[in-house]
$ cat my_file.txt   # compact mmCIF, C-alpha atoms
# COMPACT_ATOMS: atom_id res chain seq x y z
CA MET A 22 -19.62 -36.51 -10.19
CA ASN A 23 -16.82 -37.23 -7.74
CA PHE A 24 -17.16 -34.32 -5.30
CA GLY A 25 -14.22 -35.57 -3.26
CA VAL A 26 -11.90 -35.16 -6.25
CA ARG A 27 -13.41 -31.77 -7.02
CA ARG A 28 -12.88 -30.49 -3.46
CA SER A 29 -9.33 -31.81 -3.57
CA ARG A 30 -8.65 -29.90 -6.78
CA ILE A 31 -10.12 -26.70 -5.35
CA SER A 32 -8.01 -27.11 -2.23
CA THR A 33 -4.90 -27.70 -4.35
CA ASP A 34 -5.62 -24.65 -6.53
CA SER A 35 -6.16 -22.52 -3.42
CA GLN A 36 -2.89 -23.71 -1.91
CA GLN A 37 -1.05 -23.01 -5.15
CA ALA A 38 -2.49 -19.48 -5.26
CA THR A 39 -1.40 -18.95 -1.64
CA ASN A 40 2.09 -20.20 -2.44
CA VAL A 41 2.36 -17.87 -5.43
CA HIS A 42 1.18 -14.96 -3.29
CA GLN A 43 3.79 -15.75 -0.64
CA LEU A 44 6.54 -15.98 -3.26
CA VAL A 45 5.58 -12.60 -4.72
CA LEU A 46 5.41 -11.06 -1.24
CA SER A 47 8.84 -12.47 -0.36
CA TYR A 48 10.31 -11.17 -3.62
CA ILE A 49 8.90 -7.67 -3.07
CA THR A 50 10.13 -7.64 0.53
CA LEU A 51 13.63 -8.66 -0.54
CA TRP A 52 13.59 -6.03 -3.27
CA VAL A 53 12.54 -3.35 -0.78
CA LEU A 54 15.32 -4.38 1.61
CA LYS A 55 17.86 -4.24 -1.18
CA MET A 56 16.71 -0.84 -2.45
CA PHE A 57 15.88 0.97 0.79
CA GLY A 58 17.42 -1.01 3.62
CA ALA A 59 15.83 -2.53 6.70
CA PRO A 60 12.63 -0.90 7.98
CA VAL A 61 11.94 0.74 11.30
CA ASP A 62 9.48 -1.89 12.49
CA LEU A 63 6.64 -0.73 14.76
CA SER A 64 4.21 -3.46 13.74
CA PHE A 65 2.07 -5.51 16.17
CA ASN A 66 2.22 -2.92 18.95
CA ASP A 67 -1.48 -2.22 19.46
CA ILE A 68 -0.89 1.40 18.42
CA GLY A 69 -4.12 3.39 18.12
CA ASN A 70 -2.81 6.94 18.03
CA LEU A 71 0.32 7.56 15.97
CA GLU A 72 1.88 9.62 18.72
CA ASP A 73 1.65 6.51 20.92
CA ALA A 74 4.27 4.99 18.63
CA TRP A 75 6.88 7.36 20.02
CA THR A 76 7.06 5.35 23.24
CA GLU A 77 7.70 2.10 21.37
CA GLU A 78 11.08 0.56 20.64
CA PRO A 79 11.24 -0.66 17.03
CA ARG A 80 11.51 -4.41 16.65
CA SER A 81 15.02 -5.72 15.96
CA GLY A 82 15.48 -7.40 12.61
CA LEU A 83 18.11 -9.55 10.97
CA ARG A 84 19.75 -6.42 9.61
CA PRO A 85 20.45 -3.87 12.37
CA ILE A 86 19.75 -0.25 11.50
CA LYS A 87 22.38 2.39 12.14
CA ARG A 88 21.40 5.35 14.30
CA THR A 89 22.62 8.92 14.32
CA SER A 90 23.98 10.78 17.33
CA GLU A 91 20.42 12.03 17.85
CA SER A 92 19.16 8.41 17.97
CA LYS A 93 17.38 8.75 14.61
CA TYR A 94 17.28 5.66 12.41
CA GLN A 95 19.12 5.70 9.10
CA SER A 96 16.30 4.01 7.23
CA HIS A 97 13.89 4.97 4.45
CA CYS A 98 11.24 2.43 5.45
CA LEU A 99 8.60 2.46 8.16
CA ARG A 100 6.32 -0.41 9.22
CA LEU A 101 3.17 0.46 11.16
CA ASN A 102 1.16 -2.55 10.07
CA ASN A 103 -1.05 -4.74 12.30
CA ASN A 104 -1.98 -2.04 14.77
CA ASN A 105 -5.24 -0.23 15.56
CA ILE A 106 -4.58 3.01 13.70
CA VAL A 107 -7.78 4.74 12.62
CA GLU A 108 -6.51 8.07 11.26
CA LEU A 109 -3.14 9.41 10.14
CA HIS A 110 -3.07 12.59 12.18
CA GLY A 111 0.52 13.00 13.34
CA LEU A 112 2.06 10.83 10.62
CA GLN A 113 4.61 13.44 9.56
CA LYS A 114 5.68 14.00 13.18
CA THR A 115 6.04 10.26 13.69
CA ILE A 116 8.20 9.91 10.59
CA LYS A 117 10.40 12.79 11.75
CA TYR A 118 10.62 11.30 15.24
CA PHE A 119 12.11 8.02 14.03
CA LEU A 120 13.91 8.71 10.74
CA ALA A 121 17.12 10.64 10.20
CA GLU A 122 15.96 11.60 6.71
CA PRO A 123 12.16 11.84 6.96
CA LEU A 124 11.78 13.45 3.54
CA GLN A 125 13.34 10.35 1.98
CA LEU A 126 10.70 7.90 3.21
CA ALA A 127 10.32 5.39 0.37
CA TRP A 128 8.32 2.51 1.85
CA LEU A 129 5.37 2.80 4.23
CA ASP A 130 3.40 -0.18 5.51
CA LEU A 131 0.01 0.70 7.02
CA SER A 132 -1.67 -2.63 6.30
CA PHE A 133 -4.05 -4.34 8.71
CA ASN A 134 -5.16 -1.30 10.67
CA LYS A 135 -8.56 0.40 10.95
CA ILE A 136 -8.01 3.17 8.42
CA THR A 137 -11.16 4.21 6.54
CA HIS A 138 -9.85 7.08 4.41
CA ILE A 139 -6.81 7.76 2.23
CA ASP A 140 -5.65 10.82 4.11
CA PRO A 141 -4.33 13.74 2.00
CA ILE A 142 -1.22 13.67 4.20
CA LEU A 143 -0.01 10.67 2.19
CA SER A 144 0.25 12.88 -0.89
CA GLU A 145 2.94 14.88 0.93
CA LEU A 146 5.33 11.91 1.01
CA ARG A 147 6.96 12.85 -2.27
CA GLU A 148 9.66 10.14 -2.26
CA LEU A 149 7.27 7.29 -1.56
CA HIS A 150 7.81 4.29 -3.83
CA VAL A 151 5.89 1.57 -1.98
CA LEU A 152 2.65 1.95 -0.01
CA TYR A 153 0.80 -0.89 1.70
CA LEU A 154 -2.80 -0.17 2.71
CA HIS A 155 -4.36 -3.63 2.44
CA GLY A 156 -6.55 -5.01 5.18
CA ASN A 157 -8.15 -1.71 6.22
CA GLY A 158 -11.64 -0.25 5.83
CA ILE A 159 -11.15 2.22 2.98
CA TYR A 160 -14.48 2.62 1.18
CA ILE A 161 -14.32 5.67 -1.13
CA PRO A 162 -12.68 4.74 -4.49
CA SER A 163 -12.14 8.34 -5.57
CA GLU A 164 -9.75 8.92 -2.64
CA VAL A 165 -7.12 6.89 -4.51
CA GLU A 166 -6.77 9.96 -6.74
CA ARG A 167 -5.03 11.74 -3.87
CA LEU A 168 -2.02 9.51 -4.47
CA GLY A 169 -1.73 10.43 -8.16
CA VAL A 170 0.62 13.32 -7.35
CA LEU A 171 3.31 11.03 -5.95
CA PRO A 172 5.97 10.96 -8.68
CA HIS A 173 7.69 7.72 -7.64
CA LEU A 174 4.82 5.55 -6.38
CA HIS A 175 5.03 2.27 -8.30
CA THR A 176 3.78 -0.32 -5.80
CA ILE A 177 0.54 -0.24 -3.84
CA THR A 178 -1.75 -2.67 -2.02
CA LEU A 179 -5.42 -1.96 -1.42
CA HIS A 180 -6.97 -5.42 -1.36
CA GLY A 181 -8.97 -6.32 1.70
CA ASN A 182 -10.64 -2.88 1.73
CA ILE A 183 -14.28 -2.19 0.98
CA ILE A 184 -13.35 -0.53 -2.33
CA GLU A 185 -12.17 -3.91 -3.63
CA ALA A 186 -15.83 -4.92 -4.02
CA ASP A 187 -16.24 -2.41 -6.86
CA LYS A 188 -16.16 -4.38 -10.15
CA ASN A 189 -13.96 -1.68 -11.71
CA TYR A 190 -11.67 -1.43 -8.70
CA ARG A 191 -8.46 -2.51 -10.42
CA ASN A 192 -9.12 -0.51 -13.59
CA HIS A 193 -9.77 2.61 -11.54
CA VAL A 194 -6.57 2.30 -9.50
CA ILE A 195 -4.40 1.56 -12.55
CA THR A 196 -5.68 4.57 -14.50
CA THR A 197 -5.45 6.82 -11.45
CA LEU A 198 -1.83 5.89 -10.74
CA PRO A 199 -0.09 5.93 -14.16
CA ARG A 200 3.35 4.94 -12.82
CA LEU A 201 2.07 1.83 -11.05
CA LYS A 202 4.03 -1.36 -11.72
CA THR A 203 2.63 -3.62 -9.01
CA MET A 204 -0.82 -3.64 -7.42
CA ASP A 205 -1.95 -6.01 -4.69
CA PHE A 206 1.25 -8.07 -5.14
CA SER A 207 0.41 -8.59 -8.81
CA ALA A 208 2.29 -7.02 -11.72
CA VAL A 209 0.45 -4.43 -13.80
CA THR A 210 0.99 -5.64 -17.35
CA ARG A 211 1.12 -3.48 -20.47
CA GLN A 212 -2.02 -5.16 -21.82
CA GLU A 213 -3.82 -4.59 -18.53
CA ARG A 214 -2.98 -0.90 -18.60
CA ILE A 215 -4.24 -0.60 -22.17
CA MET A 216 -7.53 -2.23 -21.21
CA ALA A 217 -7.82 -0.04 -18.10
CA ASN A 218 -7.28 3.09 -20.19
CA LEU A 219 -9.97 1.96 -22.65
CA TRP A 220 -12.32 1.44 -19.70
CA HIS A 221 -11.47 4.91 -18.40
CA GLN A 222 -12.14 6.54 -21.79
CA SER A 223 -15.45 4.72 -22.15
CA ASN A 224 -16.44 5.65 -18.62
CA SER A 225 -15.54 9.29 -19.20
CA ARG A 226 -17.65 9.45 -22.38
CA SER A 227 -20.55 7.84 -20.53
CA ARG A 228 -20.36 10.43 -17.76
CA ARG A 229 -20.28 13.32 -20.23
CA GLY A 230 -23.31 11.88 -21.98
CA LYS A 231 -25.26 11.84 -18.74
CA LYS A 232 -24.74 15.52 -17.96
CA PRO A 233 -28.05 17.40 -17.89
CA ALA A 234 -28.69 19.92 -20.65
CA GLN A 235 -28.11 23.55 -19.67
$ encode --input "my_file.txt" --output "structure tokens"
Amino acid sequence: MNFGVRRSRISTDSQQATNVHQLVLSYITLWVLKMFGAPVDLSFNDIGNLEDAWTEEPRSGLRPIKRTSESKYQSHCLRLNNNNIVELHGLQKTIKYFLAEPLQLAWLDLSFNKITHIDPILSELRELHVLYLHGNGIYIPSEVERLGVLPHLHTITLHGNIIEADKNYRNHVITTLPRLKTMDFSAVTRQERIMANLWHQSNSRSRRGKKPAQ
């Protein structure tokens, strides 16, 4: 066997997968910008406590964000990715501090932090459409259910968390979030949702069958 050729093919396949991922990410980012405008960007600031973010000046982007007379940003997007955030205590206050319309927050990026739990506070963001949580340390799959109450949530990322190691990870998330269209930068297809629902039904029957007799 020519191992050199094999390694070359693996390398090529890996590069192609990376390119596809980057294309999908770019498309989603452009879509978010078109739908919700430029984000208030507080990424890469070594923020550990959310209230520490209040002293930071959001990064300037290609599309400047208008500000109100109270210096609030007229944006529905907030980027807090690539920091050292462990817990989300003070998230609502931080959103109110920066955004002119905090109740209209539609896109929240918390990726690449040190978050270990899906805080119930996220379920209060009723207008949230897009939520990035990839690259954290979330380890309890059932906590995803806290996001099921969000009526507009259609895009989520959770890859790079401990819960991804669960063999039924994707099925669980898809059945828990019925309005999901994109997960981990991959479209949720109709066939995939059907299969996930069948898994959920089978899993539910199995659990009922294991209940001890009264």
$ closest_residue --input "my_file.txt" --among "A:Thr203, A:Asn134, A:Asn192, A:Ser92" --to "Asn218 of chain A" --atoms "all atoms listed in the file"
A:Asn192
$ closest_residue --input "my_file.txt" --among "A:Arg200, A:Lys117, A:Arg191, A:His150" --to "Met56 of chain A" --atoms "all atoms listed in the file"
A:His150
$ closest_atom_pairs --input "my_file.txt" --of "segment 56-163 of chain A" --to "segment 175-182 of chain A" --cutoff "9 Å" --atoms "all atoms listed in the file" --output "CSV"
residue,atom,partner,partner_atom,distance
A:Ser132,CA,A:Thr178,CA,8.3
A:Phe133,CA,A:Gly181,CA,8.8
A:Thr137,CA,A:Asn182,CA,8.6
A:Leu149,CA,A:His175,CA,8.7
A:His150,CA,A:His175,CA,5.6
A:Val151,CA,A:Thr176,CA,4.8
A:Leu152,CA,A:Ile177,CA,4.9
A:Tyr153,CA,A:Thr178,CA,4.8
A:Leu154,CA,A:Leu179,CA,5.2
A:His155,CA,A:Leu179,CA,4.3
A:Gly156,CA,A:Gly181,CA,4.4
A:Asn157,CA,A:Asn182,CA,5.3
A:Gly158,CA,A:Asn182,CA,5.0
A:Ile159,CA,A:Asn182,CA,5.3
A:Tyr160,CA,A:Asn182,CA,6.7
$ residues_around --input "my_file.txt" --residues "segment 166-174 of chain A" --least-positions-apart "6" --cutoff "8 Å" --atoms "all atoms listed in the file" --output "PyMOL selection string"
chain A and resi 139+141+143-152+197-201
$ write_last_selection --input "my_file.txt" --atoms "C-alpha atoms" --output "tab-separated table (two decimals), in the frame of the given file"
chain	number	residue	atom	x	y	z
A	139	ILE	CA	-6.81	7.76	2.23
A	141	PRO	CA	-4.33	13.74	2.00
A	143	LEU	CA	-0.01	10.67	2.19
A	144	SER	CA	0.25	12.88	-0.89
A	145	GLU	CA	2.94	14.88	0.93
A	146	LEU	CA	5.33	11.91	1.01
A	147	ARG	CA	6.96	12.85	-2.27
A	148	GLU	CA	9.66	10.14	-2.26
A	149	LEU	CA	7.27	7.29	-1.56
A	150	HIS	CA	7.81	4.29	-3.83
A	151	VAL	CA	5.89	1.57	-1.98
A	152	LEU	CA	2.65	1.95	-0.01
A	197	THR	CA	-5.45	6.82	-11.45
A	198	LEU	CA	-1.83	5.89	-10.74
A	199	PRO	CA	-0.09	5.93	-14.16
A	200	ARG	CA	3.35	4.94	-12.82
A	201	LEU	CA	2.07	1.83	-11.05
$ residues_around --input "my_file.txt" --residues "Tyr190 of chain A" --least-positions-apart "2" --cutoff "12 Å" --atoms "all atoms listed in the file" --output "list in words"
Tyr160, Ile161, Pro162, Ser163, Val165, Leu179, His180, Gly181, Asn182, Ile183, Ile184, Glu185, Ala186, Asp187, Lys188, Asn192, His193, Val194, Ile195, Thr196, Thr197, Met204, Asp205, Ala217, Trp220 and His221 of chain A
$ closest_residue --input "my_file.txt" --among "A:Thr76, A:Leu131, A:Glu164, A:Ser225" --to "Leu112 of chain A" --atoms "all atoms listed in the file"
A:Leu131
$ atom_distance --input "my_file.txt" --atom1 "atom CA of Thr210 of chain A" --atom2 "atom CA of Gly58 of chain A"
27.0 Å
$ atom_distance --input "my_file.txt" --atom1 "atom CA of Tyr94 of chain A" --atom2 "atom CA of Asp62 of chain A"
10.9 Å
$ atom_distance --input "my_file.txt" --atom1 "atom CA of Trp128 of chain A" --atom2 "atom CA of Pro60 of chain A"
8.2 Å
$ closest_residue --input "my_file.txt" --among "A:Leu126, A:Ile136, A:Ile142, A:Met216" --to "Ser96 of chain A" --atoms "all atoms listed in the file"
A:Leu126
$ decode --input "my_file.txt" --residues "segment 148-170 of chain A" --atoms "N, CA, C and O atoms" --output "PDB file, in the first residue's frame"
ATOM      1  N   GLU A 148     -35.723  37.121  22.105  1.00  0.00           N
ATOM      2  CA  GLU A 148     -35.601  37.435  20.679  1.00  0.00           C
ATOM      3  C   GLU A 148     -34.357  36.818  20.050  1.00  0.00           C
ATOM      4  O   GLU A 148     -34.032  37.106  18.900  1.00  0.00           O
ATOM      5  N   LEU A 149     -33.691  35.953  20.791  1.00  0.00           N
ATOM      6  CA  LEU A 149     -32.448  35.362  20.300  1.00  0.00           C
ATOM      7  C   LEU A 149     -32.713  34.425  19.120  1.00  0.00           C
ATOM      8  O   LEU A 149     -33.522  33.514  19.203  1.00  0.00           O
ATOM      9  N   HIS A 150     -31.990  34.675  18.037  1.00  0.00           N
ATOM     10  CA  HIS A 150     -32.068  33.838  16.840  1.00  0.00           C
ATOM     11  C   HIS A 150     -30.832  32.951  16.683  1.00  0.00           C
ATOM     12  O   HIS A 150     -30.933  31.816  16.222  1.00  0.00           O
ATOM     13  N   VAL A 151     -29.676  33.508  17.050  1.00  0.00           N
ATOM     14  CA  VAL A 151     -28.399  32.830  16.837  1.00  0.00           C
ATOM     15  C   VAL A 151     -27.611  32.826  18.143  1.00  0.00           C
ATOM     16  O   VAL A 151     -27.423  33.878  18.763  1.00  0.00           O
ATOM     17  N   LEU A 152     -27.130  31.635  18.540  1.00  0.00           N
ATOM     18  CA  LEU A 152     -26.360  31.507  19.775  1.00  0.00           C
ATOM     19  C   LEU A 152     -25.135  30.627  19.524  1.00  0.00           C
ATOM     20  O   LEU A 152     -25.262  29.472  19.137  1.00  0.00           O
ATOM     21  N   TYR A 153     -23.958  31.194  19.740  1.00  0.00           N
ATOM     22  CA  TYR A 153     -22.712  30.449  19.589  1.00  0.00           C
ATOM     23  C   TYR A 153     -22.157  30.121  20.976  1.00  0.00           C
ATOM     24  O   TYR A 153     -21.857  31.014  21.768  1.00  0.00           O
ATOM     25  N   LEU A 154     -21.996  28.819  21.233  1.00  0.00           N
ATOM     26  CA  LEU A 154     -21.438  28.355  22.498  1.00  0.00           C
ATOM     27  C   LEU A 154     -20.297  27.360  22.283  1.00  0.00           C
ATOM     28  O   LEU A 154     -19.866  26.695  23.226  1.00  0.00           O
ATOM     29  N   HIS A 155     -19.812  27.240  21.072  1.00  0.00           N
ATOM     30  CA  HIS A 155     -18.778  26.244  20.789  1.00  0.00           C
ATOM     31  C   HIS A 155     -17.449  26.625  21.465  1.00  0.00           C
ATOM     32  O   HIS A 155     -17.187  27.786  21.763  1.00  0.00           O
ATOM     33  N   GLY A 156     -16.640  25.591  21.704  1.00  0.00           N
ATOM     34  CA  GLY A 156     -15.336  25.823  22.291  1.00  0.00           C
ATOM     35  C   GLY A 156     -15.371  26.190  23.764  1.00  0.00           C
ATOM     36  O   GLY A 156     -14.525  26.953  24.238  1.00  0.00           O
ATOM     37  N   ASN A 157     -16.344  25.648  24.501  1.00  0.00           N
ATOM     38  CA  ASN A 157     -16.418  25.863  25.941  1.00  0.00           C
ATOM     39  C   ASN A 157     -16.255  24.518  26.659  1.00  0.00           C
ATOM     40  O   ASN A 157     -15.715  23.571  26.094  1.00  0.00           O
ATOM     41  N   GLY A 158     -16.740  24.430  27.887  1.00  0.00           N
ATOM     42  CA  GLY A 158     -16.602  23.196  28.653  1.00  0.00           C
ATOM     43  C   GLY A 158     -17.921  22.647  29.146  1.00  0.00           C
ATOM     44  O   GLY A 158     -17.992  22.017  30.200  1.00  0.00           O
ATOM     45  N   ILE A 159     -18.988  22.887  28.388  1.00  0.00           N
ATOM     46  CA  ILE A 159     -20.331  22.446  28.773  1.00  0.00           C
ATOM     47  C   ILE A 159     -20.387  20.916  28.771  1.00  0.00           C
ATOM     48  O   ILE A 159     -20.009  20.288  27.778  1.00  0.00           O
ATOM     49  N   TYR A 160     -20.863  20.331  29.862  1.00  0.00           N
ATOM     50  CA  TYR A 160     -20.775  18.873  29.986  1.00  0.00           C
ATOM     51  C   TYR A 160     -22.084  18.175  30.365  1.00  0.00           C
ATOM     52  O   TYR A 160     -22.132  16.943  30.452  1.00  0.00           O
ATOM     53  N   ILE A 161     -23.161  18.914  30.581  1.00  0.00           N
ATOM     54  CA  ILE A 161     -24.440  18.293  30.945  1.00  0.00           C
ATOM     55  C   ILE A 161     -25.417  18.435  29.770  1.00  0.00           C
ATOM     56  O   ILE A 161     -25.954  19.521  29.527  1.00  0.00           O
ATOM     57  N   PRO A 162     -25.667  17.353  29.009  1.00  0.00           N
ATOM     58  CA  PRO A 162     -26.529  17.437  27.824  1.00  0.00           C
ATOM     59  C   PRO A 162     -27.932  17.965  28.105  1.00  0.00           C
ATOM     60  O   PRO A 162     -28.494  18.708  27.288  1.00  0.00           O
ATOM     61  N   SER A 163     -28.494  17.606  29.240  1.00  0.00           N
ATOM     62  CA  SER A 163     -29.873  17.995  29.544  1.00  0.00           C
ATOM     63  C   SER A 163     -30.042  19.509  29.686  1.00  0.00           C
ATOM     64  O   SER A 163     -31.158  20.024  29.572  1.00  0.00           O
ATOM     65  N   GLU A 164     -28.959  20.233  29.901  1.00  0.00           N
ATOM     66  CA  GLU A 164     -29.064  21.691  30.050  1.00  0.00           C
ATOM     67  C   GLU A 164     -29.472  22.378  28.753  1.00  0.00           C
ATOM     68  O   GLU A 164     -29.947  23.518  28.769  1.00  0.00           O
ATOM     69  N   VAL A 165     -29.290  21.688  27.632  1.00  0.00           N
ATOM     70  CA  VAL A 165     -29.723  22.249  26.341  1.00  0.00           C
ATOM     71  C   VAL A 165     -31.226  22.512  26.367  1.00  0.00           C
ATOM     72  O   VAL A 165     -31.728  23.432  25.708  1.00  0.00           O
ATOM     73  N   GLU A 166     -31.955  21.731  27.152  1.00  0.00           N
ATOM     74  CA  GLU A 166     -33.407  21.876  27.240  1.00  0.00           C
ATOM     75  C   GLU A 166     -33.824  23.256  27.737  1.00  0.00           C
ATOM     76  O   GLU A 166     -34.941  23.703  27.483  1.00  0.00           O
ATOM     77  N   ARG A 167     -32.939  23.941  28.427  1.00  0.00           N
ATOM     78  CA  ARG A 167     -33.248  25.281  28.916  1.00  0.00           C
ATOM     79  C   ARG A 167     -33.466  26.271  27.774  1.00  0.00           C
ATOM     80  O   ARG A 167     -34.111  27.298  27.948  1.00  0.00           O
ATOM     81  N   LEU A 168     -32.938  25.942  26.607  1.00  0.00           N
ATOM     82  CA  LEU A 168     -33.051  26.831  25.453  1.00  0.00           C
ATOM     83  C   LEU A 168     -34.303  26.553  24.623  1.00  0.00           C
ATOM     84  O   LEU A 168     -34.599  27.287  23.678  1.00  0.00           O
ATOM     85  N   GLY A 169     -35.025  25.501  24.974  1.00  0.00           N
ATOM     86  CA  GLY A 169     -36.210  25.119  24.199  1.00  0.00           C
ATOM     87  C   GLY A 169     -37.328  26.133  24.241  1.00  0.00           C
ATOM     88  O   GLY A 169     -38.223  26.114  23.392  1.00  0.00           O
ATOM     89  N   VAL A 170     -37.302  27.036  25.212  1.00  0.00           N
ATOM     90  CA  VAL A 170     -38.372  28.039  25.347  1.00  0.00           C
ATOM     91  C   VAL A 170     -38.157  29.240  24.430  1.00  0.00           C
ATOM     92  O   VAL A 170     -39.051  30.084  24.300  1.00  0.00           O
TER      93      VAL A 170
END
